[in-house]
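Here is the file work03.csv (CSV, C-alpha atoms).
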```csv
chain,number,residue,atom,x,y,z
X,96,MET,CA,-16.8,18.2,-15.4
X,97,LYS,CA,-19.8,18.9,-17.6
X,98,HIS,CA,-18.0,17.4,-20.6
X,99,LEU,CA,-17.6,14.1,-18.8
X,100,PRO,CA,-20.3,11.4,-18.7
X,101,LEU,CA,-22.0,11.2,-15.3
X,102,LYS,CA,-20.8,7.6,-14.7
X,103,GLU,CA,-17.1,8.6,-15.2
X,104,SER,CA,-17.6,11.7,-13.1
X,105,LEU,CA,-19.0,9.5,-10.3
X,106,PHE,CA,-16.1,7.1,-10.7
X,107,LEU,CA,-13.7,10.1,-10.2
X,108,GLY,CA,-15.7,11.1,-7.2
X,109,PHE,CA,-15.4,7.6,-5.7
X,110,CYS,CA,-11.6,7.6,-6.4
X,111,ALA,CA,-11.5,11.0,-4.5
X,112,ALA,CA,-13.6,9.7,-1.6
X,113,LEU,CA,-11.5,6.5,-1.3
X,114,LEU,CA,-8.3,8.6,-1.5
X,115,VAL,CA,-9.5,10.8,1.4
X,116,ILE,CA,-10.7,7.9,3.5
X,117,THR,CA,-7.5,5.8,3.1
X,118,LYS,CA,-5.4,8.8,3.9
X,119,ALA,CA,-7.5,9.3,7.1
X,120,ALA,CA,-7.4,5.7,8.0
X,121,PHE,CA,-3.7,5.1,7.6
X,122,ARG,CA,-2.5,8.4,9.0
X,123,TRP,CA,-2.9,7.3,12.6
X,124,HIS,CA,-1.6,3.8,12.4
X,125,LEU,CA,1.7,4.4,10.5
X,126,GLY,CA,2.9,7.8,11.7
X,127,ILE,CA,5.5,7.8,8.9
X,128,SER,CA,6.0,11.1,7.1
X,129,GLY,CA,4.9,11.2,3.4
X,130,HIS,CA,3.1,7.8,3.5
X,131,ALA,CA,-0.2,9.4,2.4
X,132,MET,CA,1.4,9.9,-1.0
X,133,PHE,CA,1.2,6.1,-1.5
X,134,PHE,CA,-2.6,6.3,-1.7
X,135,THR,CA,-2.6,9.7,-3.4
X,136,ALA,CA,-0.5,8.5,-6.3
X,137,PHE,CA,-2.4,5.2,-6.5
X,138,PHE,CA,-5.9,6.7,-6.7
X,139,LEU,CA,-4.9,9.6,-9.0
X,140,LEU,CA,-3.2,7.3,-11.4
X,141,LEU,CA,-6.1,4.9,-11.2
X,142,ALA,CA,-8.5,7.7,-12.0
X,143,ARG,CA,-6.4,8.8,-15.0
X,144,GLY,CA,-5.9,5.3,-16.2
X,145,CYS,CA,-9.6,4.3,-16.1
X,146,VAL,CA,-11.0,7.5,-17.4
X,147,SER,CA,-9.6,8.6,-20.7
X,148,PHE,CA,-10.0,12.3,-20.2
X,149,ARG,CA,-7.0,14.7,-20.1
X,150,GLY,CA,-8.0,16.3,-16.7
X,151,ALA,CA,-9.3,13.2,-15.0
X,152,ALA,CA,-6.7,13.1,-12.3
X,153,THR,CA,-7.0,16.9,-11.7
X,154,LEU,CA,-10.8,16.5,-11.3
X,155,ALA,CA,-10.4,13.6,-8.9
X,156,GLY,CA,-7.7,15.6,-7.0
X,157,LEU,CA,-9.9,18.7,-6.8
X,158,LEU,CA,-12.8,16.7,-5.5
X,159,ALA,CA,-10.5,14.9,-3.0
X,160,GLY,CA,-9.0,18.3,-1.9
X,161,ILE,CA,-12.5,19.8,-1.4
X,162,ALA,CA,-13.7,16.8,0.6
X,163,ALA,CA,-10.5,16.7,2.7
X,164,ALA,CA,-10.7,20.5,3.4
X,165,LEU,CA,-14.4,20.2,4.3
X,166,LEU,CA,-13.8,17.2,6.5
X,167,GLY,CA,-11.0,19.1,8.3
X,168,MET,CA,-8.3,16.6,7.2
X,169,GLY,CA,-4.6,17.3,6.7
X,170,LYS,CA,-2.5,19.8,8.3
X,171,GLY,CA,-3.2,22.7,6.0
X,172,GLY,CA,-6.9,23.6,6.6
X,173,PRO,CA,-8.2,25.0,3.3
X,174,LEU,CA,-4.7,24.7,1.8
X,175,VAL,CA,-5.1,20.9,1.9
X,176,VAL,CA,-6.7,21.3,-1.6
X,177,SER,CA,-3.3,22.3,-3.0
X,178,LYS,CA,-1.7,19.2,-1.4
X,179,VAL,CA,-3.9,16.9,-3.5
X,180,LEU,CA,-4.3,19.1,-6.5
X,181,LEU,CA,-0.5,19.5,-7.2
X,182,PRO,CA,0.2,15.7,-7.4
X,183,ALA,CA,-3.0,15.5,-9.6
X,184,LEU,CA,-1.6,18.1,-12.0
X,185,ALA,CA,1.7,16.2,-12.1
X,186,VAL,CA,-0.1,12.9,-13.0
X,187,ASP,CA,-2.2,14.6,-15.7
X,188,PHE,CA,0.9,16.3,-17.1
X,189,GLY,CA,2.8,13.0,-17.0
X,190,ALA,CA,0.0,11.2,-18.8
X,191,LEU,CA,-0.1,14.0,-21.4
X,192,LEU,CA,3.7,13.7,-22.1
X,193,LEU,CA,3.8,9.9,-21.9
X,194,PRO,CA,0.5,8.5,-23.2
X,195,TRP,CA,1.8,4.9,-22.9
X,196,LEU,CA,2.8,5.2,-19.2
X,197,PHE,CA,-0.1,3.0,-17.9
X,198,GLY,CA,1.5,-0.1,-19.5
X,199,SER,CA,4.9,0.4,-17.9
X,200,VAL,CA,5.6,-0.2,-14.2
X,201,LEU,CA,8.8,2.0,-14.4
X,202,LEU,CA,7.1,4.9,-16.0
X,203,CYS,CA,4.2,4.7,-13.5
X,204,ALA,CA,6.8,4.7,-10.6
X,205,LEU,CA,8.4,7.8,-12.2
X,206,ILE,CA,5.1,9.7,-12.4
X,207,GLY,CA,4.3,8.6,-8.8
X,208,ALA,CA,7.7,10.0,-7.7
X,209,ALA,CA,7.0,13.2,-9.7
X,210,ALA,CA,3.7,13.5,-7.8
X,211,GLY,CA,5.6,13.1,-4.6
X,212,VAL,CA,8.0,15.9,-5.5
X,213,THR,CA,5.0,18.3,-5.4
X,214,LYS,CA,4.7,17.8,-1.6
X,215,PHE,CA,7.8,20.0,-1.3
X,216,PHE,CA,5.9,23.0,-2.7
X,217,GLY,CA,2.7,22.3,-0.6
X,218,THR,CA,4.6,21.9,2.6
X,219,ALA,CA,6.9,24.9,2.0
X,220,GLY,CA,3.9,27.1,1.0
X,221,LEU,CA,2.1,26.4,4.2
X,222,ASP,CA,5.2,26.6,6.4
X,223,LEU,CA,6.1,30.0,4.9
X,224,LEU,CA,2.6,31.2,5.3
X,225,VAL,CA,2.5,30.5,9.0
X,226,GLY,CA,5.8,32.3,9.3
X,227,MET,CA,8.2,29.5,10.0
X,228,ASP,CA,12.0,30.2,9.8
X,229,PRO,CA,13.1,29.7,6.1
X,230,ALA,CA,16.0,27.5,7.1
X,231,VAL,CA,13.7,25.1,8.9
X,232,VAL,CA,11.1,25.4,6.1
X,233,TRP,CA,13.5,24.0,3.5
X,234,ARG,CA,14.6,21.1,5.7
X,235,HIS,CA,11.1,20.3,6.7
X,236,SER,CA,9.9,20.4,3.1
X,237,LEU,CA,12.8,18.4,1.8
X,238,LEU,CA,12.3,15.7,4.4
X,239,GLU,CA,8.6,15.5,3.5
X,240,ALA,CA,9.2,15.5,-0.3
X,241,VAL,CA,11.9,12.7,-0.2
X,242,ALA,CA,9.6,10.5,1.8
X,243,ALA,CA,6.6,11.4,-0.4
X,244,MET,CA,8.6,10.6,-3.6
X,245,ALA,CA,9.4,7.1,-2.3
X,246,PHE,CA,5.8,6.4,-1.3
X,247,GLY,CA,4.4,7.9,-4.4
X,248,ALA,CA,6.6,5.6,-6.6
X,249,LEU,CA,5.6,2.6,-4.5
X,250,GLY,CA,1.9,3.4,-4.8
X,251,ALA,CA,2.1,3.9,-8.5
X,252,LEU,CA,3.7,0.4,-9.0
X,253,GLY,CA,0.3,-1.2,-8.5
X,254,ILE,CA,-1.4,0.6,-11.4
X,255,PRO,CA,-0.2,-1.4,-14.5
X,256,PRO,CA,-1.2,-4.8,-13.1
X,257,VAL,CA,-4.7,-3.5,-12.1
X,258,LEU,CA,-5.3,-1.8,-15.4
X,259,ARG,CA,-4.1,-5.0,-17.3
X,260,ARG,CA,-6.6,-7.0,-15.2
X,261,LEU,CA,-9.4,-4.5,-15.9
X,262,ARG,CA,-8.7,-4.6,-19.6
X,263,ALA,CA,-8.8,-8.4,-19.5
X,264,TYR,CA,-12.2,-8.3,-17.8
X,265,GLY,CA,-13.4,-6.0,-20.6
X,266,VAL,CA,-14.3,-3.2,-18.2
X,267,LEU,CA,-12.1,-0.6,-19.9
X,268,ASN,CA,-12.3,0.2,-23.5
X,269,PRO,CA,-9.1,-1.1,-25.0
X,270,GLY,CA,-8.7,1.8,-27.4
X,271,THR,CA,-8.8,4.5,-24.9
X,272,LYS,CA,-7.0,3.8,-21.7
X,273,GLU,CA,-3.4,3.9,-22.9
X,274,GLU,CA,-3.9,6.8,-25.2
X,275,SER,CA,-4.8,10.1,-23.6
X,276,ARG,CA,-7.1,12.2,-25.8
C,106,MET,CA,-25.8,-8.9,-4.7
C,107,PHE,CA,-25.0,-7.8,-1.2
C,108,SER,CA,-27.1,-6.3,1.5
C,109,THR,CA,-27.1,-2.5,1.4
C,110,SER,CA,-29.7,-1.8,4.1
C,111,LEU,CA,-27.3,-1.5,7.0
C,112,PRO,CA,-25.2,1.5,6.0
C,113,ILE,CA,-28.3,3.3,4.6
C,114,ARG,CA,-30.2,2.7,7.9
C,115,ARG,CA,-27.2,4.0,9.8
C,116,GLN,CA,-27.0,7.1,7.7
C,117,HIS,CA,-30.8,7.6,8.2
C,118,ASP,CA,-30.3,7.4,12.0
C,119,GLN,CA,-27.6,10.0,11.8
C,120,LEU,CA,-30.0,12.3,10.0
C,121,GLN,CA,-32.5,12.2,12.8
C,122,ALA,CA,-30.0,13.9,15.3
C,123,PRO,CA,-30.5,17.7,15.2
C,124,PRO,CA,-27.2,19.4,14.0
C,125,PRO,CA,-25.7,21.8,16.6
C,126,LEU,CA,-24.8,24.2,13.8
C,127,PRO,CA,-26.3,24.4,10.2
C,128,ALA,CA,-23.9,22.8,7.7
C,129,GLY,CA,-23.4,26.0,5.7
C,130,ILE,CA,-22.4,28.0,8.7
C,131,ALA,CA,-20.1,25.1,9.9
C,132,LEU,CA,-18.3,25.0,6.5
C,133,LEU,CA,-17.9,28.8,6.5
C,134,LEU,CA,-16.7,28.9,10.1
C,135,CYS,CA,-14.2,26.1,9.3
C,136,PHE,CA,-12.8,28.0,6.4
C,137,VAL,CA,-12.6,31.4,8.2
C,138,LEU,CA,-11.1,30.1,11.4
C,139,SER,CA,-8.4,28.0,9.5
C,140,LEU,CA,-7.5,31.0,7.4
C,141,ALA,CA,-7.4,33.3,10.5
C,142,ALA,CA,-5.0,30.8,12.1
C,143,ILE,CA,-2.7,30.9,9.0
C,144,LEU,CA,-2.7,34.7,9.0
C,145,ALA,CA,-2.4,35.3,12.8
C,146,ARG,CA,1.1,35.8,14.2
C,147,ALA,CA,0.6,37.4,17.7
C,148,PRO,CA,0.1,35.1,20.7
C,149,ALA,CA,-2.9,37.1,21.7
C,150,ALA,CA,-4.7,36.4,18.4
C,151,LEU,CA,-3.8,32.7,18.7
C,152,ALA,CA,-5.2,32.7,22.2
C,153,TRP,CA,-8.5,34.2,21.0
C,154,LEU,CA,-8.7,31.6,18.2
C,155,SER,CA,-8.0,28.8,20.8
C,156,GLY,CA,-10.8,30.2,22.9
C,157,ILE,CA,-13.2,30.2,20.0
C,158,ASP,CA,-12.2,26.6,19.2
C,159,LEU,CA,-12.8,25.5,22.8
C,160,VAL,CA,-16.3,27.1,22.7
C,161,LEU,CA,-17.0,25.3,19.5
C,162,ILE,CA,-15.9,21.9,21.0
C,163,PHE,CA,-18.6,22.4,23.6
C,164,VAL,CA,-21.2,23.7,21.1
C,165,GLN,CA,-20.6,20.8,18.7
C,166,ARG,CA,-20.6,18.2,21.6
C,167,LEU,CA,-17.6,16.3,20.2
C,168,ASP,CA,-17.2,12.7,21.3
C,169,ARG,CA,-14.2,11.4,23.1
C,170,ARG,CA,-12.9,9.6,20.0
C,171,THR,CA,-12.7,12.8,17.9
C,172,LEU,CA,-11.0,14.6,20.8
C,173,LEU,CA,-8.4,11.9,21.2
C,174,ARG,CA,-7.8,12.0,17.4
C,175,GLY,CA,-7.1,15.8,17.7
C,176,ALA,CA,-4.9,15.3,20.7
C,177,ARG,CA,-2.8,12.7,18.9
C,178,LEU,CA,-2.3,14.9,15.9
C,179,CYS,CA,-1.4,17.8,18.1
C,180,LEU,CA,1.3,15.7,19.9
C,181,TRP,CA,2.7,14.3,16.7
C,182,GLN,CA,2.8,17.5,14.7
C,183,GLY,CA,4.0,19.6,17.7
C,184,GLY,CA,6.8,17.0,18.4
C,185,VAL,CA,8.1,17.1,14.8
C,186,VAL,CA,8.1,20.9,14.4
C,187,THR,CA,9.5,21.7,17.9
C,188,GLY,CA,12.1,19.0,17.4
C,189,LEU,CA,13.3,20.6,14.2
C,190,TYR,CA,13.5,24.0,15.9
C,191,LEU,CA,15.4,22.5,18.8
C,192,LEU,CA,17.9,20.9,16.4
C,193,ARG,CA,18.4,24.1,14.4
C,194,TYR,CA,18.5,26.7,17.3
C,195,GLY,CA,19.2,24.7,20.4
C,196,PRO,CA,16.9,24.3,23.5
C,197,ALA,CA,17.1,27.9,24.6
C,198,ALA,CA,16.4,29.7,21.4
C,199,GLY,CA,14.3,27.1,19.6
C,200,LEU,CA,11.8,26.0,22.2
C,201,TRP,CA,9.3,29.0,22.1
C,202,PRO,CA,9.3,29.5,18.3
C,203,GLY,CA,8.8,25.7,17.8
C,204,LEU,CA,5.9,25.6,20.2
C,205,HIS,CA,4.4,28.8,18.7
C,206,ILE,CA,4.4,27.4,15.2
C,207,SER,CA,3.0,24.1,16.4
C,208,TRP,CA,0.2,25.9,18.2
C,209,GLN,CA,-0.5,27.9,15.0
C,210,LEU,CA,-0.6,24.7,12.9
C,211,LEU,CA,-2.9,23.0,15.4
C,212,LEU,CA,-5.3,26.0,15.1
C,213,VAL,CA,-5.3,25.6,11.3
C,214,PHE,CA,-6.7,22.1,11.3
C,215,LEU,CA,-8.7,22.1,14.5
C,216,PRO,CA,-11.8,24.0,13.1
C,217,GLY,CA,-12.3,21.4,10.5
C,218,LEU,CA,-12.1,18.6,13.0
C,219,ILE,CA,-14.5,20.3,15.3
C,220,LEU,CA,-17.1,21.6,12.9
C,221,ILE,CA,-17.4,19.0,10.2
C,222,SER,CA,-17.6,16.0,12.6
C,223,GLY,CA,-21.1,17.1,13.7
C,224,VAL,CA,-22.6,17.6,10.2
C,225,SER,CA,-24.7,14.9,8.5
C,226,GLY,CA,-24.0,13.8,4.9
C,227,SER,CA,-27.3,15.1,3.3
C,228,ARG,CA,-27.0,18.5,5.0
C,229,MET,CA,-23.4,18.7,3.8
C,230,ALA,CA,-24.6,17.9,0.3
C,231,HIS,CA,-27.1,20.7,0.3
C,232,ALA,CA,-24.6,23.1,1.7
C,233,LEU,CA,-22.0,22.0,-0.9
C,234,GLY,CA,-24.6,22.9,-3.6
C,235,LYS,CA,-24.3,26.5,-2.6
C,236,ILE,CA,-20.5,26.7,-3.1
C,237,LEU,CA,-20.0,24.3,-6.0
C,238,PRO,CA,-21.6,23.9,-9.5
C,239,ALA,CA,-24.7,21.6,-9.2
C,240,ARG,CA,-23.1,18.7,-11.1
C,241,SER,CA,-19.8,18.8,-9.0
C,242,ALA,CA,-21.8,19.1,-5.8
C,243,PHE,CA,-23.9,16.0,-6.8
C,244,VAL,CA,-20.9,14.0,-7.7
C,245,LEU,CA,-19.1,14.9,-4.4
C,246,ALA,CA,-22.1,14.4,-2.3
C,247,ALA,CA,-23.0,11.1,-3.9
C,248,SER,CA,-19.5,9.8,-3.6
C,249,LEU,CA,-19.4,10.6,0.1
C,250,LYS,CA,-22.9,9.3,0.7
C,251,PHE,CA,-22.3,6.0,-1.0
C,252,LEU,CA,-18.9,5.5,0.6
C,253,PRO,CA,-20.2,3.3,3.4
C,254,LEU,CA,-21.9,1.1,0.8
C,255,LEU,CA,-18.7,0.9,-1.2
C,256,ILE,CA,-16.7,-0.1,1.9
C,257,THR,CA,-19.2,-2.8,2.7
C,258,GLU,CA,-18.9,-4.1,-0.9
C,259,ILE,CA,-15.1,-4.1,-0.7
C,260,ALA,CA,-15.2,-5.9,2.6
C,261,ALA,CA,-17.5,-8.5,1.1
C,262,ILE,CA,-15.1,-9.0,-1.9
C,263,ALA,CA,-12.2,-9.3,0.5
C,264,GLU,CA,-14.0,-11.9,2.6
C,265,ALA,CA,-15.0,-13.9,-0.5
C,266,GLN,CA,-11.4,-13.8,-1.9
C,267,ARG,CA,-10.0,-14.9,1.5
C,268,LEU,CA,-12.4,-17.9,1.4
C,269,ARG,CA,-10.9,-18.7,-2.0
C,270,GLY,CA,-7.4,-18.7,-0.4
C,271,ALA,CA,-6.2,-15.2,-1.4
C,272,LYS,CA,-3.5,-14.0,1.1
C,273,ILE,CA,-4.9,-10.6,1.8
C,274,ARG,CA,-5.2,-10.5,5.5
C,275,PRO,CA,-3.5,-7.5,7.1
C,276,ARG,CA,-0.7,-9.6,8.6
C,277,GLU,CA,-0.2,-11.4,5.3
C,278,LEU,CA,0.4,-8.2,3.5
C,279,PHE,CA,3.6,-7.5,5.5
C,280,TRP,CA,5.2,-10.0,3.1
C,281,PRO,CA,5.7,-8.3,-0.4
C,282,GLY,CA,5.1,-11.6,-2.1
C,283,ASN,CA,1.4,-11.3,-1.3
C,284,TRP,CA,0.9,-7.8,-2.7
C,285,GLY,CA,0.1,-9.4,-6.1
C,286,ASP,CA,-2.9,-11.2,-4.5
C,287,LEU,CA,-4.0,-7.8,-3.1
C,288,LEU,CA,-4.0,-6.2,-6.6
C,289,HIS,CA,-5.5,-9.1,-8.5
C,290,CYS,CA,-8.0,-10.5,-6.0
C,291,LEU,CA,-9.1,-7.3,-4.2
C,292,VAL,CA,-8.2,-4.1,-6.0
C,293,ALA,CA,-9.2,-5.1,-9.5
C,294,PRO,CA,-12.6,-6.6,-8.5
C,295,ALA,CA,-13.2,-3.5,-6.3
C,296,VAL,CA,-12.6,-1.2,-9.2
C,297,VAL,CA,-15.1,-3.2,-11.3
C,298,ARG,CA,-17.7,-2.9,-8.5
C,299,ILE,CA,-17.0,0.9,-8.2
C,300,LEU,CA,-17.7,1.3,-11.9
C,301,GLU,CA,-20.9,-0.7,-11.6
C,302,ILE,CA,-22.1,1.4,-8.6
C,303,ALA,CA,-21.2,4.6,-10.5
C,304,ASP,CA,-23.2,3.3,-13.5
C,305,ASN,CA,-26.2,2.5,-11.3
C,306,ILE,CA,-26.2,5.9,-9.7
C,307,ALA,CA,-25.7,7.6,-13.1
C,308,CYS,CA,-28.6,5.6,-14.5
C,309,ALA,CA,-30.9,6.5,-11.6
C,310,ALA,CA,-30.0,10.1,-11.9
C,311,ARG,CA,-30.6,10.1,-15.7
C,312,ILE,CA,-34.0,8.5,-15.2
C,313,ARG,CA,-34.8,11.3,-12.7
C,314,GLU,CA,-33.8,13.8,-15.5
C,315,PHE,CA,-30.6,14.8,-13.7
C,316,GLY,CA,-29.1,17.8,-15.5
C,317,ARG,CA,-32.3,19.0,-17.0
C,318,TYR,CA,-32.3,22.1,-14.8
C,319,PRO,CA,-29.1,24.1,-14.1
C,320,ALA,CA,-29.7,24.4,-10.3
C,321,ARG,CA,-29.7,21.2,-8.2
C,322,SER,CA,-33.2,20.1,-7.2
C,323,CYS,CA,-33.8,17.8,-4.2
C,324,TRP,CA,-36.6,16.3,-2.0
C,325,PRO,CA,-38.0,18.7,0.5
C,326,GLY,CA,-36.8,16.6,3.4
C,327,ASP,CA,-33.2,16.9,2.3
C,328,ARG,CA,-33.3,20.7,2.4
C,329,GLU,CA,-31.5,22.3,5.3
C,330,GLU,CA,-33.9,24.3,7.6
C,331,SER,CA,-32.9,27.8,8.4
C,332,PRO,CA,-31.5,28.3,11.8
```

Would you kindly transcribe this structure into structure tokens?
Amino acid sequence: MKHLPLKESLFLGFCAALLVITKAAFRWHLGISGHAMFFTAFFLLLARGCVSFRGAATLAGLLAGIAAALLGMGKGGPLVVSKVLLPALAVDFGALLLPWLFGSVLLCALIGAAAGVTKFFGTAGLDLLVGMDPAVVWRHSLLEAVAAMAFGALGALGIPPVLRRLRAYGVLNPGTKEESR
Amino acid sequence: MFSTSLPIRRQHDQLQAPPPLPAGIALLLCFVLSLAAILARAPAALAWLSGIDLVLIFVQRLDRRTLLRGARLCLWQGGVVTGLYLLRYGPAAGLWPGLHISWQLLLVFLPGLILISGVSGSRMAHALGKILPARSAFVLAASLKFLPLLITEIAAIAEAQRLRGAKIRPRELFWPGNWGDLLHCLVAPAVVRILEIADNIACAARIREFGRYPARSCWPGDREESP
């Protein structure tokens, strides 16, 4: 984080805080499995799209994970960090492989779905740690991951229009947001 | 542009209430109890952890709203896990393992819900500085501290856009045709505002020579007193 300007670090912090608070706010009202990935994918892709730094989504994910763990959110206690960090790593990896992804709705949806897939590992890890039966673990994790993929893809769909609008406002530097350094 | 005194005054009022437990101890207890719940298998150990959580509920003087939130999560999570066990093993063999795992999962998240709800933002920031690098602690604490301001700003933008005719009321968002309005009229201006606030905070911190010393420095009033 020390290599990043303070303004951009704070922006990532705000993305993390909004991610945590939207997850908290919508958890109770919807009650649908995996819907939190909608906001996770959206804010992580927004962080990576606005801050042209290779690990931007990972940093935002890490901050969100720490905040969520400290605020006692999620079903994993301290392991909730991994639940946000894994999608963040998927977003950063996707942005590294596909530097032009923020201009394409389809590619953003693909990366959002990829972020949703990571829910499988987070859920399976926690379930296995608490000693759940493996047969139930795989079903439970698969159920969560499929729903998370769908919601992750949906959340990511909103990113290209927002970034296009921000570029039109002149808020983002045109040379840096579509090309990851 | 918008009034910022209300959330700040509210935060100031929260600071006046004496914390039941120091923030550092609350964070440490939260981590240790959650980890213990993950590692514990025997019902006796889980019963001990439940007892500790019950004591903490009284010590932290949790409000009814927080308790209701915990109860709802308990019912939802317990229902899903027990239901899966019943489907897999049938009512006779699946009921106790399902309830046992649900109990364990509840004990994983409960310490966080109990302990962190009673800790104020500035004490949390100071405690965070002990476990994170100074810069990361500042970023995280500032983001959490300015979150009420950010929400007020977003609400003001939403109100202004609604007055201009944007269809972004909750009931209007059930229709996918209005999602474009949400992105263009609310999300994009909100991101611009977030960047402005981040710039202002960064500017203020730079003027106060933030980053000059490796350890975080703060006003004496923000320091957490020893228990």

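With all atoms listed in the file as the atoms that count, the residue of C:Pro202, C:Gly217, C:Pro238, C:Gly282 with the shortest distance to chain X is C:Gly217.
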
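Across X:Ala151, X:Leu249, X:Val225, X:Met132, the tightest approach to chain C is made by X:Val225 when counting all atoms listed in the file.
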
Identify every residue of chain C that has at least one atom within 6 Å of any atom of chain X, counting only C-alpha atoms, and report the result as a PyMOL selection string.
chain C and resi 139+143+213-214+217-218+221+244-245+248+293+303-304+307

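A straight line drawn from CA of Leu205 (chain X) to CA of Ala248 (chain X) is 6.3 Å long.
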
Which distance in Å separates CA of Ala152 (chain C) and CA of Gly203 (chain C), to one decimal?
16.3 Å

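For the pair CA of Leu189 (chain C) and CA of Arg177 (chain C), the separation is 18.5 Å.
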